[in-house]
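Asker: mmCIF, C-alpha atoms, saved as data-v9.cif, coming up:
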```cif
data_structure
loop_
_atom_site.label_atom_id
_atom_site.label_comp_id
_atom_site.auth_asym_id
_atom_site.auth_seq_id
_atom_site.Cartn_x
_atom_site.Cartn_y
_atom_site.Cartn_z
CA MET I 1 127.97 -64.95 -180.93
CA GLY I 2 124.99 -67.18 -181.56
CA PHE I 3 125.01 -70.90 -180.89
CA SER I 4 122.77 -71.71 -183.84
CA ARG I 5 125.91 -71.73 -186.00
CA VAL I 6 128.80 -72.04 -183.54
CA ILE I 7 130.69 -75.14 -182.53
CA ASN I 8 134.38 -74.85 -181.73
CA PRO I 9 136.21 -77.06 -184.23
CA HIS I 10 139.11 -78.09 -181.98
CA PRO I 11 137.62 -80.76 -179.72
CA LEU I 12 139.60 -83.50 -178.05
CA PRO I 13 140.86 -86.09 -180.56
CA LEU I 14 138.77 -89.18 -181.13
CA LEU I 15 139.98 -92.45 -179.69
CA ALA I 16 142.10 -94.54 -181.99
CA ASP I 17 141.14 -98.06 -182.99
CA SER I 18 143.09 -101.05 -181.71
CA ARG I 19 145.56 -101.15 -184.60
CA PRO I 20 149.12 -100.01 -183.83
CA THR I 21 149.78 -96.43 -184.76
CA LYS I 22 152.49 -93.87 -184.46
CA PRO I 23 151.97 -91.36 -181.65
CA LEU I 24 151.13 -87.82 -182.58
CA PRO I 25 153.76 -85.16 -182.00
CA PRO I 26 153.21 -82.84 -179.04
CA PRO I 27 150.71 -80.03 -179.73
CA SER I 28 152.26 -76.87 -181.10
CA SER I 29 152.21 -73.66 -179.13
CA SER I 30 149.51 -72.35 -181.46
CA SER I 31 147.16 -75.23 -180.67
CA LEU I 32 144.05 -74.07 -178.83
CA PHE I 33 143.59 -77.24 -176.80
CA LEU I 34 146.47 -79.15 -175.32
CA GLY I 35 144.96 -82.46 -174.24
CA SER I 36 147.30 -85.43 -174.09
CA THR I 37 147.36 -87.13 -177.51
CA ARG I 38 150.51 -89.22 -177.15
CA THR I 39 148.92 -92.56 -178.04
CA LEU I 40 146.07 -91.37 -180.20
CA ARG I 41 145.40 -90.55 -183.79
CA PRO I 42 142.33 -88.71 -185.07
CA THR I 43 139.72 -90.68 -186.95
CA GLN I 44 137.17 -89.22 -189.28
CA THR I 45 133.80 -88.48 -187.73
CA ARG I 46 130.94 -90.15 -189.54
CA SER I 47 128.26 -87.85 -190.85
CA ILE I 48 124.77 -89.11 -190.10
CA SER I 49 121.95 -87.70 -192.14
CA SER I 50 118.40 -88.25 -190.98
CA PRO I 51 115.23 -86.67 -192.39
CA HIS I 52 113.88 -86.55 -188.86
CA ARG I 53 116.74 -84.45 -187.44
CA ARG I 54 116.78 -81.45 -189.77
CA SER I 55 116.12 -79.10 -186.86
CA SER I 56 118.16 -76.32 -185.31
CA ALA I 57 120.22 -79.06 -183.68
CA SER I 58 121.40 -80.13 -187.12
CA ALA I 59 122.69 -76.64 -187.75
CA VAL I 60 124.35 -76.64 -184.35
CA ALA I 61 126.15 -79.87 -185.15
CA ALA I 62 127.86 -78.32 -188.20
CA LYS I 63 131.48 -77.41 -187.51
CA VAL I 64 132.37 -73.85 -188.40
CA SER I 65 135.27 -71.52 -187.81
CA ASP I 66 136.52 -71.02 -184.30
CA VAL I 67 135.24 -67.95 -182.49
CA LYS I 68 138.16 -65.53 -182.51
CA LEU I 69 138.78 -63.18 -179.65
CA LYS I 70 137.92 -59.64 -180.57
CA SER I 71 140.72 -57.15 -181.10
CA THR I 72 142.02 -55.17 -178.19
CA THR I 73 140.21 -52.13 -179.55
CA ASN I 74 136.95 -53.88 -178.70
CA LEU I 75 137.71 -55.28 -175.27
CA LEU I 76 135.83 -58.28 -173.92
CA VAL I 77 135.48 -56.87 -170.40
CA THR I 78 135.25 -53.45 -168.84
CA LYS I 79 137.69 -52.41 -166.15
CA GLU I 80 135.10 -53.07 -163.44
CA GLU I 81 134.24 -56.50 -164.83
CA GLY I 82 137.88 -57.41 -165.23
CA LEU I 83 138.76 -56.51 -161.66
CA GLU I 84 135.72 -58.40 -160.34
CA VAL I 85 136.65 -61.54 -162.27
CA TYR I 86 140.31 -61.30 -161.31
CA GLU I 87 139.43 -60.91 -157.63
CA ASP I 88 137.15 -63.93 -157.80
CA MET I 89 139.83 -66.07 -159.46
CA ILE I 90 142.43 -65.01 -156.90
CA LEU I 91 139.98 -65.78 -154.08
CA GLY I 92 139.46 -69.28 -155.43
CA ARG I 93 143.18 -69.97 -155.79
CA VAL I 94 144.28 -68.54 -152.44
CA PHE I 95 141.39 -70.17 -150.60
CA GLU I 96 142.24 -73.60 -152.01
CA ASP I 97 145.94 -73.20 -151.25
CA MET I 98 145.00 -72.39 -147.68
CA CYS I 99 142.75 -75.46 -147.56
CA ALA I 100 145.76 -77.61 -148.42
CA GLN I 101 147.70 -76.10 -145.51
CA MET I 102 144.83 -76.58 -143.08
CA TYR I 103 144.22 -80.16 -144.22
CA TYR I 104 147.82 -81.16 -143.62
CA ARG I 105 147.71 -79.46 -140.23
CA GLY I 106 144.79 -81.66 -139.23
CA LYS I 107 142.13 -78.94 -139.28
CA MET I 108 140.02 -80.70 -141.94
CA PHE I 109 138.95 -84.31 -142.19
CA GLY I 110 137.76 -86.67 -144.88
CA PHE I 111 138.39 -86.07 -148.56
CA VAL I 112 139.14 -82.55 -149.77
CA HIS I 113 139.18 -81.91 -153.52
CA LEU I 114 140.80 -78.67 -154.66
CA TYR I 115 139.96 -76.53 -157.69
CA ASN I 116 143.39 -75.06 -158.54
CA GLY I 117 143.71 -74.52 -162.29
CA GLN I 118 139.99 -74.53 -163.07
CA GLU I 119 139.18 -71.00 -161.83
CA ALA I 120 138.38 -69.66 -165.31
CA VAL I 121 135.33 -71.91 -165.49
CA SER I 122 133.79 -70.95 -162.15
CA SER I 123 134.51 -67.22 -162.51
CA GLY I 124 133.67 -67.16 -166.21
CA PHE I 125 130.20 -68.55 -165.63
CA ILE I 126 129.06 -67.73 -162.11
CA LYS I 127 130.03 -64.05 -162.08
CA LEU I 128 127.48 -63.52 -164.88
CA LEU I 129 124.60 -64.83 -162.76
CA LYS I 130 122.02 -63.02 -160.68
CA LYS I 131 121.54 -63.85 -157.02
CA GLU I 132 118.26 -65.64 -157.85
CA ASP I 133 119.99 -68.00 -160.29
CA SER I 134 121.00 -71.43 -159.01
CA VAL I 135 124.26 -73.35 -159.00
CA VAL I 136 124.62 -77.10 -158.48
CA SER I 137 128.10 -78.45 -157.95
CA THR I 138 130.11 -81.62 -157.34
CA TYR I 139 132.51 -82.73 -154.62
CA ARG I 140 134.94 -80.06 -155.95
CA ASP I 141 132.60 -77.31 -154.80
CA HIS I 142 134.39 -74.77 -152.57
CA VAL I 143 135.15 -72.30 -155.34
CA HIS I 144 131.70 -72.53 -156.93
CA ALA I 145 130.24 -71.50 -153.57
CA LEU I 146 132.72 -68.63 -153.24
CA SER I 147 132.00 -67.38 -156.77
CA LYS I 148 128.26 -67.40 -156.00
CA GLY I 149 128.83 -65.14 -153.00
CA VAL I 150 128.97 -67.50 -150.03
CA PRO I 151 131.38 -65.78 -147.59
CA ALA I 152 134.85 -67.29 -147.31
CA ARG I 153 134.47 -67.61 -143.55
CA ALA I 154 131.26 -69.68 -143.98
CA VAL I 155 132.95 -72.03 -146.47
CA MET I 156 136.10 -72.37 -144.35
CA SER I 157 134.06 -73.00 -141.21
CA GLU I 158 132.17 -75.74 -143.01
CA LEU I 159 135.46 -77.34 -143.97
CA PHE I 160 136.50 -77.16 -140.32
CA GLY I 161 133.22 -78.81 -139.31
CA LYS I 162 132.05 -75.83 -137.22
CA THR I 163 128.55 -74.56 -136.46
CA THR I 164 129.30 -71.28 -138.26
CA GLY I 165 129.74 -73.15 -141.55
CA CYS I 166 127.21 -72.76 -144.35
CA CYS I 167 125.79 -76.21 -143.39
CA ARG I 168 126.45 -75.83 -139.65
CA GLY I 169 129.40 -78.18 -139.96
CA GLN I 170 127.33 -81.14 -141.12
CA GLY I 171 128.15 -80.98 -144.82
CA GLY I 172 131.90 -80.70 -144.96
CA SER I 173 134.05 -80.32 -148.05
CA MET I 174 131.81 -82.11 -150.55
CA HIS I 175 128.42 -80.73 -149.55
CA MET I 176 128.44 -76.94 -149.67
CA PHE I 177 124.90 -75.55 -149.57
CA SER I 178 123.43 -72.09 -149.14
CA ALA I 179 119.75 -71.38 -149.63
CA GLU I 180 120.48 -67.66 -149.32
CA HIS I 181 122.85 -67.74 -152.30
CA ASN I 182 120.99 -70.45 -154.26
CA VAL I 183 123.90 -72.84 -154.05
CA LEU I 184 121.89 -76.05 -154.12
CA GLY I 185 124.69 -78.29 -152.98
CA GLY I 186 127.87 -80.01 -153.74
CA PHE I 187 127.25 -83.70 -154.40
CA ALA I 188 129.78 -86.37 -153.52
CA PHE I 189 128.44 -89.02 -155.91
CA ILE I 190 129.06 -88.06 -159.49
CA GLY I 191 125.97 -87.27 -161.51
CA GLU I 192 123.55 -86.98 -158.61
CA GLY I 193 123.53 -83.17 -158.77
CA ILE I 194 122.38 -83.07 -162.41
CA PRO I 195 118.76 -84.14 -161.69
CA VAL I 196 118.64 -81.59 -158.84
CA ALA I 197 119.76 -78.86 -161.24
CA THR I 198 117.22 -80.02 -163.83
CA GLY I 199 114.51 -79.81 -161.17
CA ALA I 200 115.60 -76.30 -160.24
CA ALA I 201 115.39 -75.27 -163.90
CA PHE I 202 111.93 -76.82 -164.13
CA THR I 203 110.90 -74.76 -161.09
CA SER I 204 111.89 -71.57 -162.92
CA LYS I 205 109.92 -72.54 -166.01
CA TYR I 206 106.89 -73.58 -163.94
CA LYS I 207 106.85 -70.29 -162.04
CA ARG I 208 107.02 -68.31 -165.26
CA GLU I 209 104.60 -70.27 -167.43
CA VAL I 210 102.14 -71.79 -164.96
CA LEU I 211 102.19 -69.43 -161.99
CA LYS I 212 102.53 -66.46 -164.36
CA GLU I 213 105.49 -64.91 -162.54
CA ALA I 214 106.58 -62.89 -165.54
CA ASP I 215 109.78 -61.65 -163.92
CA CYS I 216 111.04 -65.18 -163.18
CA ASP I 217 113.83 -65.60 -165.71
CA HIS I 218 116.11 -67.53 -163.37
CA VAL I 219 118.61 -69.95 -164.82
CA THR I 220 120.51 -72.89 -163.37
CA LEU I 221 124.12 -73.97 -163.86
CA ALA I 222 124.92 -77.66 -163.43
CA PHE I 223 128.66 -78.26 -163.00
CA PHE I 224 130.13 -81.73 -163.39
CA GLY I 225 133.22 -83.45 -164.74
CA ASP I 226 134.16 -85.53 -167.74
CA GLY I 227 133.72 -88.80 -165.82
CA THR I 228 130.09 -87.92 -165.10
CA ALA I 229 129.36 -87.55 -168.80
CA ASN I 230 129.39 -91.35 -169.06
CA ASN I 231 126.62 -91.75 -166.47
CA GLY I 232 122.94 -92.36 -167.17
CA GLN I 233 121.64 -89.39 -165.19
CA PHE I 234 123.52 -87.07 -167.53
CA PHE I 235 121.75 -88.42 -170.61
CA GLU I 236 118.34 -88.59 -168.96
CA CYS I 237 118.54 -84.97 -167.89
CA LEU I 238 119.81 -83.77 -171.28
CA ASN I 239 116.73 -85.36 -172.78
CA MET I 240 114.33 -83.87 -170.24
CA ALA I 241 115.91 -80.40 -170.45
CA ALA I 242 115.72 -80.36 -174.24
CA LEU I 243 112.19 -81.78 -174.31
CA TRP I 244 110.87 -79.09 -171.97
CA LYS I 245 113.27 -76.31 -173.05
CA LEU I 246 114.45 -75.79 -169.50
CA PRO I 247 116.61 -72.76 -168.58
CA ILE I 248 119.71 -74.74 -167.67
CA ILE I 249 123.35 -74.80 -168.77
CA PHE I 250 125.19 -78.10 -168.39
CA VAL I 251 128.82 -77.15 -167.73
CA VAL I 252 131.29 -79.99 -168.19
CA GLU I 253 134.58 -79.20 -166.46
CA ASN I 254 136.66 -81.61 -168.51
CA ASN I 255 139.97 -81.74 -166.67
CA LEU I 256 140.87 -84.86 -168.70
CA TRP I 257 141.04 -87.17 -165.70
CA ALA I 258 138.30 -88.99 -163.76
CA ILE I 259 140.32 -89.58 -160.59
CA GLY I 260 143.09 -91.71 -162.11
CA MET I 261 141.37 -92.67 -165.37
CA SER I 262 142.27 -90.71 -168.48
CA HIS I 263 139.21 -89.29 -170.21
CA LEU I 264 140.58 -90.50 -173.53
CA ARG I 265 140.47 -94.11 -172.31
CA ALA I 266 137.11 -93.96 -170.56
CA THR I 267 134.62 -93.05 -173.26
CA SER I 268 133.88 -94.18 -176.80
CA ASP I 269 133.85 -90.57 -178.02
CA PRO I 270 135.74 -88.04 -175.86
CA GLU I 271 134.07 -85.06 -177.58
CA ILE I 272 131.45 -84.46 -174.91
CA TRP I 273 130.01 -81.35 -176.56
CA LYS I 274 128.63 -83.50 -179.40
CA LYS I 275 126.12 -85.07 -177.02
CA GLY I 276 124.24 -81.75 -176.94
CA PRO I 277 123.13 -81.72 -180.59
CA ALA I 278 122.21 -85.40 -180.26
CA PHE I 279 119.48 -84.31 -177.85
CA GLY I 280 118.49 -81.20 -179.78
CA MET I 281 120.45 -78.56 -177.88
CA PRO I 282 123.59 -76.56 -178.76
CA GLY I 283 126.90 -78.12 -177.80
CA VAL I 284 130.01 -75.97 -177.47
CA HIS I 285 133.65 -76.80 -176.74
CA VAL I 286 135.67 -73.97 -175.21
CA ASP I 287 139.16 -73.42 -173.85
CA GLY I 288 138.50 -73.67 -170.12
CA MET I 289 141.90 -72.17 -169.30
CA ASP I 290 140.91 -68.80 -170.78
CA VAL I 291 138.36 -66.92 -168.68
CA LEU I 292 137.54 -64.52 -171.52
CA LYS I 293 136.58 -67.33 -173.87
CA VAL I 294 134.61 -69.07 -171.14
CA ARG I 295 132.83 -65.81 -170.32
CA GLU I 296 131.94 -65.20 -173.97
CA VAL I 297 130.34 -68.64 -174.28
CA ALA I 298 128.67 -68.29 -170.88
CA LYS I 299 127.02 -64.99 -171.84
CA GLU I 300 125.36 -66.56 -174.84
CA ALA I 301 124.31 -69.73 -173.02
CA ILE I 302 122.86 -67.83 -170.05
CA GLY I 303 121.15 -65.37 -172.40
CA ARG I 304 119.53 -68.21 -174.33
CA ALA I 305 118.23 -69.74 -171.12
CA ARG I 306 116.79 -66.41 -169.89
CA ARG I 307 115.04 -65.83 -173.22
CA GLY I 308 113.33 -69.19 -172.97
CA GLU I 309 115.37 -70.76 -175.78
CA GLY I 310 116.30 -73.81 -173.77
CA PRO I 311 119.42 -75.58 -172.48
CA THR I 312 123.02 -75.57 -173.66
CA LEU I 313 125.81 -78.10 -173.14
CA VAL I 314 129.22 -76.46 -172.70
CA GLU I 315 132.39 -78.51 -172.50
CA CYS I 316 135.21 -76.53 -170.90
CA GLU I 317 138.56 -78.20 -171.38
CA THR I 318 140.51 -77.36 -168.26
CA TYR I 319 143.05 -78.94 -165.93
CA ARG I 320 143.49 -79.40 -162.21
CA PHE I 321 146.91 -78.48 -160.91
CA ARG I 322 146.75 -80.83 -157.93
CA GLY I 323 145.84 -84.49 -157.48
CA HIS I 324 142.26 -85.68 -157.47
CA SER I 325 142.12 -84.99 -153.75
CA LEU I 326 144.65 -84.06 -151.10
CA ALA I 327 145.04 -87.79 -150.44
CA ASP I 328 146.13 -88.38 -154.05
CA PRO I 329 149.93 -88.38 -154.67
CA ASP I 330 149.20 -87.54 -158.33
CA GLU I 331 151.62 -90.04 -159.81
CA LEU I 332 149.55 -91.19 -162.79
CA ARG I 333 149.52 -88.08 -164.94
CA ASP I 334 152.34 -87.42 -167.40
CA PRO I 335 154.72 -84.71 -166.09
CA ASP I 336 154.90 -83.16 -169.58
CA GLU I 337 151.11 -82.90 -169.71
CA LYS I 338 151.04 -81.21 -166.31
CA ALA I 339 153.78 -78.81 -167.35
CA ARG I 340 151.94 -77.80 -170.53
CA TYR I 341 148.83 -76.85 -168.61
CA ALA I 342 150.76 -75.18 -165.80
CA ALA I 343 152.26 -72.88 -168.44
CA ARG I 344 148.70 -71.84 -169.36
CA ASP I 345 147.66 -70.87 -165.82
CA PRO I 346 144.31 -69.05 -166.26
CA ILE I 347 145.11 -66.44 -163.62
CA THR I 348 148.49 -65.60 -165.09
CA GLN I 349 146.97 -65.28 -168.56
CA PHE I 350 144.17 -63.01 -167.40
CA LYS I 351 146.50 -60.82 -165.35
CA LYS I 352 148.63 -60.32 -168.44
CA TYR I 353 145.55 -59.40 -170.48
CA LEU I 354 144.39 -56.81 -167.96
CA ILE I 355 147.79 -55.11 -167.79
CA GLU I 356 148.52 -55.18 -171.52
CA ASN I 357 145.13 -53.69 -172.33
CA LYS I 358 145.49 -51.04 -169.62
CA LEU I 359 142.42 -52.29 -167.75
CA ALA I 360 144.41 -52.50 -164.54
CA SER I 361 147.82 -51.59 -163.23
CA GLU I 362 150.21 -53.92 -161.46
CA ALA I 363 149.56 -51.96 -158.28
CA GLU I 364 145.79 -52.44 -158.52
CA LEU I 365 146.15 -56.18 -158.97
CA LYS I 366 148.65 -56.38 -156.10
CA ALA I 367 146.11 -54.59 -153.91
CA ILE I 368 143.47 -57.19 -154.82
CA GLU I 369 145.87 -60.01 -154.00
CA LYS I 370 146.70 -58.44 -150.61
CA LYS I 371 142.98 -57.98 -149.87
CA ILE I 372 142.25 -61.63 -150.64
CA ASP I 373 145.15 -62.83 -148.50
CA GLU I 374 143.60 -60.95 -145.59
CA VAL I 375 140.10 -62.30 -146.31
CA VAL I 376 141.35 -65.89 -146.32
CA GLU I 377 143.48 -65.41 -143.21
CA GLU I 378 140.46 -63.97 -141.41
CA ALA I 379 138.33 -66.91 -142.60
CA VAL I 380 140.80 -69.35 -141.05
CA GLU I 381 140.88 -67.47 -137.75
CA PHE I 382 137.09 -67.30 -137.68
CA ALA I 383 136.72 -71.01 -138.45
CA ASP I 384 139.33 -72.04 -135.90
CA GLU I 385 137.67 -70.03 -133.13
CA SER I 386 134.11 -71.14 -133.97
CA PRO I 387 132.43 -73.80 -131.82
CA ALA I 388 131.99 -77.39 -132.90
CA PRO I 389 128.41 -78.69 -133.23
CA SER I 390 126.81 -80.20 -130.15
CA ARG I 391 126.00 -83.89 -130.17
CA SER I 392 122.29 -83.07 -130.17
CA GLN I 393 122.73 -81.77 -133.72
CA LEU I 394 123.49 -85.29 -134.96
CA LEU I 395 119.86 -86.22 -135.47
CA GLU I 396 118.59 -82.88 -136.73
CA ASN I 397 117.41 -82.93 -140.35
CA VAL I 398 117.82 -86.70 -140.43
CA PHE I 399 114.52 -88.24 -139.33
CA ALA I 400 111.12 -87.08 -140.54
CA ASP I 401 109.65 -87.90 -137.11
CA PRO I 402 112.40 -87.57 -134.51
CA ARG I 403 109.89 -88.46 -131.75
CA GLY I 404 109.67 -91.97 -133.12
CA PHE I 405 113.37 -92.57 -133.58
CA GLY I 406 115.64 -89.89 -132.29
CA ILE I 407 114.07 -89.15 -128.89
CA GLY I 408 114.09 -91.56 -125.99
CA PRO I 409 111.24 -92.43 -123.61
CA ASP I 410 112.33 -89.66 -121.29
CA GLY I 411 111.67 -87.09 -124.02
CA ARG I 412 115.33 -86.22 -124.50
CA TYR I 413 117.38 -86.66 -127.63
CA ARG I 414 119.10 -90.02 -127.41
CA CYS I 415 122.32 -88.46 -128.62
CA GLU I 416 122.40 -86.35 -125.44
CA ASP I 417 123.01 -89.52 -123.47
CA PRO I 418 126.75 -89.65 -122.68
CA LYS I 419 126.78 -93.30 -123.76
CA PHE I 420 125.33 -92.50 -127.19
CA THR I 421 128.74 -92.14 -128.83
CA GLU I 422 130.50 -94.72 -126.67
CA GLY I 423 132.85 -96.78 -128.79
CA THR I 424 132.72 -94.39 -131.73
CA ALA I 425 134.94 -91.56 -132.86
CA GLN I 426 134.68 -88.40 -130.80
CA VAL I 427 132.06 -86.11 -132.34
#
```
Render the structure in this file as structure tokens.

Answerer:
Amino acid sequence: MGFSRVINPHPLPLLADSRPTKPLPPPSSSSLFLGSTRTLRPTQTRSISSPHRRSSASAVAAKVSDVKLKSTTNLLVTKEEGLEVYEDMILGRVFEDMCAQMYYRGKMFGFVHLYNGQEAVSSGFIKLLKKEDSVVSTYRDHVHALSKGVPARAVMSELFGKTTGCCRGQGGSMHMFSAEHNVLGGFAFIGEGIPVATGAAFTSKYKREVLKEADCDHVTLAFFGDGTANNGQFFECLNMAALWKLPIIFVVENNLWAIGMSHLRATSDPEIWKKGPAFGMPGVHVDGMDVLKVREVAKEAIGRARRGEGPTLVECETYRFRGHSLADPDELRDPDEKARYAARDPITQFKKYLIENKLASEAELKAIEKKIDEVVEEAVEFADESPAPSRSQLLENVFADPRGFGIGPDGRYRCEDPKFTEGTAQV
């Protein structure tokens, strides 16, 4: 599958104009994408012809037939690959379910955003990476870190605010980071991770082309949501990545809702993938509830980046099965919409595929599920028993010159003074 001629032709419907219109009927069971279209009607996309844009991007912008899954005689994954992906998806789901339990038991604090329902995107992309490749995430970052290889106990400990966490308890739910695994951070403010990812991709290109490190073919994945695609940093970095042909894949996890704002109400054109060709890079729209389709697109996008062919914008239409965060009662989304996506659970679909194509038995998959249950249980026990950070850690990695700000006249850290936290929450 080459992106020079491939754009999925079933993007989200365009916004309707202000004139009254009859609602569309619910999508049929054969529809590839099941976004809510109750108050919308499609409008014809205008074709813009410019003598200055007859590049490869023009070819990319042409809509062609949907990429069909290959027949079961030519399987999309090997047994080993299938079991690896399934285990990763189960790890993400079970881990997040456990996070919900721990949050409501008072073991976690602040906002906690869960990834349930979106596992096909993380597993479909990240399990194709090398250790040297980089991942930049958002506030919904636990599962991206797990897919990249950060141990479950290190992620859980970080959520518990313990010193054994991947950020020594100072990052928390929205700021997972691991230099060892090239997880360059979760970012709480939307869009702020995209420039970091673009910089990481520039580093790879600089090492290869300027420092002559011929074996440096590292790529970067930038994950973000549909709400972020309306922010300026997104457009600036698309331009820079295309201009310099950076080895980066912009992965839009379009779960159709930016907190409580429907994607279809928040942007003038909800087809995010079309913004890629506008900047001279391929744009692809894929069913983010199907890990095999995501993986097929990811292979091509990552391959392009490694070959020095530049960036790709991939819009994965997916859905979160829980509220925006664990503090969100999730009362705004249509129950019918939630039910449609719940029926397309990516883990259930992939499990069925593995069994029907004799890539795994029910017993093998049950064994994986049991193994992951034990891993997550152990992660909770480890996190619960780990020590909390000392108060002296408060000022570490904060001030460039701690002697001028963080250390008192007596040469001791000010935060070691028992009165330092007087009147504030217990650290």

Asker: Go through I:Ala339, I:Cys166, I:Ala200, I:Ile90 one by one, measure the shortest atom-to-atom distance of each to I:Tyr319 using all atoms listed in the file, and give the residue with the smallest value.

Answerer: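 The shortest atom-to-atom distance to I:Tyr319 comes from I:Ala339.
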
Asker: So the first atom is atom CA of I:Pro247 and the second is atom CA of I:Leu91; what is the distance between them in Å, to one decimal place?

Answerer: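 These atoms are spaced 28.4 Å apart.
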
Asker: May I ask which of the residues I:Lys358, I:Arg340, I:His144, I:His113 is the closest one to I:Arg322, counting only C-alpha atoms?

Answerer: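 For I:Arg322, the nearest of the given residues is I:His113.
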
Asker: Mind giving me the straight-line distance from atom CA of I:Trp257 to atom CA of I:Arg140 in Å, one decimal?

Answerer: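 Calculated distance between atom CA of I:Trp257 and atom CA of I:Arg140 is 13.5 Å.
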
Asker: Ranking I:Thr198, I:Gly260, I:Glu209, I:Val398 by minimum distance to I:Leu332 and counting only C-alpha atoms, which one comes first?

Answerer: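 Closest to I:Leu332 of all the choices is I:Gly260.
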
Asker: What's the 9 Å shell around stretch 244-246 of chain I, counting all atoms listed in the file, without same-chain residues fewer than 6 positions away, as a VMD selection string?

Answerer: chain I and resid 198 201 to 202 204 to 205 219 281 305 308 to 311

Asker: Now that the selection is made, can you save its residues with C-alpha atoms as an mmCIF file, in the coordinates of the input?

Answerer:
```
data_model
loop_
_atom_site.group_PDB
_atom_site.id
_atom_site.type_symbol
_atom_site.label_atom_id
_atom_site.label_comp_id
_atom_site.auth_asym_id
_atom_site.auth_seq_id
_atom_site.Cartn_x
_atom_site.Cartn_y
_atom_site.Cartn_z
ATOM 1 C CA THR I 198 117.220 -80.020 -163.830
ATOM 2 C CA ALA I 201 115.390 -75.270 -163.900
ATOM 3 C CA PHE I 202 111.930 -76.820 -164.130
ATOM 4 C CA SER I 204 111.890 -71.570 -162.920
ATOM 5 C CA LYS I 205 109.920 -72.540 -166.010
ATOM 6 C CA VAL I 219 118.610 -69.950 -164.820
ATOM 7 C CA MET I 281 120.450 -78.560 -177.880
ATOM 8 C CA ALA I 305 118.230 -69.740 -171.120
ATOM 9 C CA GLY I 308 113.330 -69.190 -172.970
ATOM 10 C CA GLU I 309 115.370 -70.760 -175.780
ATOM 11 C CA GLY I 310 116.300 -73.810 -173.770
ATOM 12 C CA PRO I 311 119.420 -75.580 -172.480
#
```

Asker: Would you list the contacts of I:His175 as a PDB file with C-alpha atoms, in the frame of the given file, taking every protein, DNA or RNA residue within 7 Å and counting all atoms listed in the file, but skipping same-chain residues closer than 2 positions in sequence?

Answerer:
```
ATOM      1  CA  TYR I 139     132.510 -82.730-154.620  1.00  0.00           C
ATOM      2  CA  GLY I 171     128.150 -80.980-144.820  1.00  0.00           C
ATOM      3  CA  GLY I 172     131.900 -80.700-144.960  1.00  0.00           C
ATOM      4  CA  SER I 173     134.050 -80.320-148.050  1.00  0.00           C
ATOM      5  CA  PHE I 177     124.900 -75.550-149.570  1.00  0.00           C
ATOM      6  CA  GLY I 185     124.690 -78.290-152.980  1.00  0.00           C
ATOM      7  CA  GLY I 186     127.870 -80.010-153.740  1.00  0.00           C
ATOM      8  CA  PHE I 187     127.250 -83.700-154.400  1.00  0.00           C
TER       9      PHE I 187
END
```
